[in-house]
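Shown next: data24.cif, given as mmCIF, C-alpha atoms.
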```
data_upload
loop_
_atom_site.label_atom_id
_atom_site.label_comp_id
_atom_site.auth_asym_id
_atom_site.auth_seq_id
_atom_site.Cartn_x
_atom_site.Cartn_y
_atom_site.Cartn_z
CA MET T 960 -24.81 13.60 4.80
CA ARG T 961 -23.66 10.46 6.58
CA ARG T 962 -20.73 10.52 8.89
CA PHE T 963 -17.37 9.21 7.79
CA SER T 964 -17.08 5.50 8.43
CA PRO T 965 -13.88 4.19 10.04
CA PHE T 966 -14.26 1.05 7.93
CA PHE T 967 -13.85 3.13 4.79
CA ASP T 968 -10.63 4.58 6.18
CA LEU T 969 -9.39 1.11 7.13
CA GLY T 970 -10.22 -0.16 3.64
CA VAL T 971 -8.28 2.61 1.94
CA GLY T 972 -5.29 2.19 4.25
CA GLY T 973 -5.36 -1.61 4.10
CA GLY T 974 -5.71 -1.54 0.33
CA ALA T 975 -2.69 0.72 -0.03
CA ILE T 976 -0.61 -1.60 2.13
CA GLY T 977 -1.88 -4.69 0.30
CA PHE T 978 -1.21 -3.20 -3.13
CA GLY T 979 2.24 -2.15 -1.91
CA PHE T 980 3.02 -5.75 -1.04
CA ILE T 981 1.77 -6.89 -4.42
CA ALA T 982 3.85 -4.25 -6.23
CA SER T 983 7.04 -5.14 -4.38
CA ALA T 984 6.57 -8.89 -4.74
CA LEU T 985 5.15 -9.22 -8.26
CA GLY T 986 5.40 -5.86 -10.00
CA TYR T 987 3.10 -2.98 -10.80
CA SER T 988 1.19 -4.76 -13.57
CA TYR T 989 -0.30 -7.17 -11.01
CA ILE T 990 -1.84 -4.27 -9.12
CA TYR T 991 -4.25 -3.84 -12.03
CA VAL T 992 -5.10 -7.54 -11.97
CA ALA T 993 -5.73 -7.45 -8.22
CA GLY T 994 -7.84 -4.31 -8.63
CA ALA T 995 -9.91 -5.89 -11.39
CA ILE T 996 -10.45 -9.04 -9.31
CA SER T 997 -11.59 -7.00 -6.31
CA ILE T 998 -14.03 -5.04 -8.48
CA VAL T 999 -15.51 -8.20 -10.00
CA LEU T 1000 -15.87 -9.81 -6.57
CA SER T 1001 -17.55 -6.67 -5.23
CA ILE T 1002 -20.02 -6.64 -8.12
CA LEU T 1003 -20.83 -10.33 -7.60
CA LEU T 1004 -21.35 -9.77 -3.87
CA TYR T 1005 -23.63 -6.79 -4.57
CA ILE T 1006 -25.72 -8.78 -7.07
CA SER T 1007 -26.04 -11.72 -4.69
CA LEU T 1008 -27.21 -9.40 -1.90
CA LEU T 1009 -29.77 -7.83 -4.24
CA VAL T 1010 -31.13 -11.23 -5.22
CA LYS T 1011 -31.29 -12.34 -1.59
CA ASP T 1012 -33.11 -9.14 -0.60
CA LYS T 1013 -35.56 -9.56 -3.47
CA LYS T 1014 -36.34 -13.13 -2.40
CA LEU T 1015 -36.90 -12.04 1.21
CA ARG T 1016 -39.35 -9.33 0.17
CA GLN T 1017 -41.57 -11.74 -1.80
#
```

What does the file become when written as structure tokens?
Amino acid sequence: MRRFSPFFDLGVGGGAIGFGFIASALGYSYIYVAGAISIVLSILLYISLLVKDKKLRQ
């Protein structure tokens, strides 16, 4: 099993702080919107990295 990454811990902590700011400024419903946007962006980044890796291997 891989060791725990400090970047994962920073992401969880930073996300909690960021979502706290969103909740206090805009309301709790916008947390879901921000979460959905971050998921979509992560999926797009993952797909683009897969395509780039596939092109490099050819």

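Picture a line from CA of Phe967 in chain T to CA of Ser1007 in chain T; it runs 21.4 Å.
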
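Taking CA of Gly973 in chain T and CA of Ile996 in chain T as endpoints, the distance between them is 16.2 Å.
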
Between T:Val1010, T:Ile998, T:Asp968, T:Ala993, which residue has the minimum interatomic distance to Phe980 in chain T, considering all atoms listed in the file?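 Of T:Val1010, T:Ile998, T:Asp968, T:Ala993, the one nearest Phe980 in chain T, counting all atoms listed in the file, is T:Ala993.
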
Counting only C-alpha atoms, which of T:Lys1011, T:Gly994, T:Pro965, T:Leu1004 gets nearest to Gly977 in chain T?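 Among the listed residues, the smallest separation from Gly977 in chain T belongs to T:Gly994.
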
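The coordinates place CA of Tyr1005 in chain T at 25.4 Å from CA of Ile981 in chain T.
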
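For the residues T:Lys1014, T:Ser997, T:Leu1003, T:Ser988, ranking by smallest atom-to-atom distance to Gly974 in chain T using all atoms listed in the file places T:Ser997 first.
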
Just the residues within 12 Å of Val992 in chain T, please, counting all atoms listed in the file, with nothing from its chain fewer than 6 positions along; format it as a PDB file with C-alpha atoms, in the coordinates of the input.
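Result saved to around.pdb:
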```
ATOM      1  CA  PHE T 978      -1.210  -3.200  -3.130  1.00  0.00           C
ATOM      2  CA  ILE T 981       1.770  -6.890  -4.420  1.00  0.00           C
ATOM      3  CA  ALA T 982       3.850  -4.250  -6.230  1.00  0.00           C
ATOM      4  CA  LEU T 985       5.150  -9.220  -8.260  1.00  0.00           C
ATOM      5  CA  GLY T 986       5.400  -5.860 -10.000  1.00  0.00           C
ATOM      6  CA  ILE T 998     -14.030  -5.040  -8.480  1.00  0.00           C
ATOM      7  CA  VAL T 999     -15.510  -8.200 -10.000  1.00  0.00           C
TER       8      VAL T 999
END
```
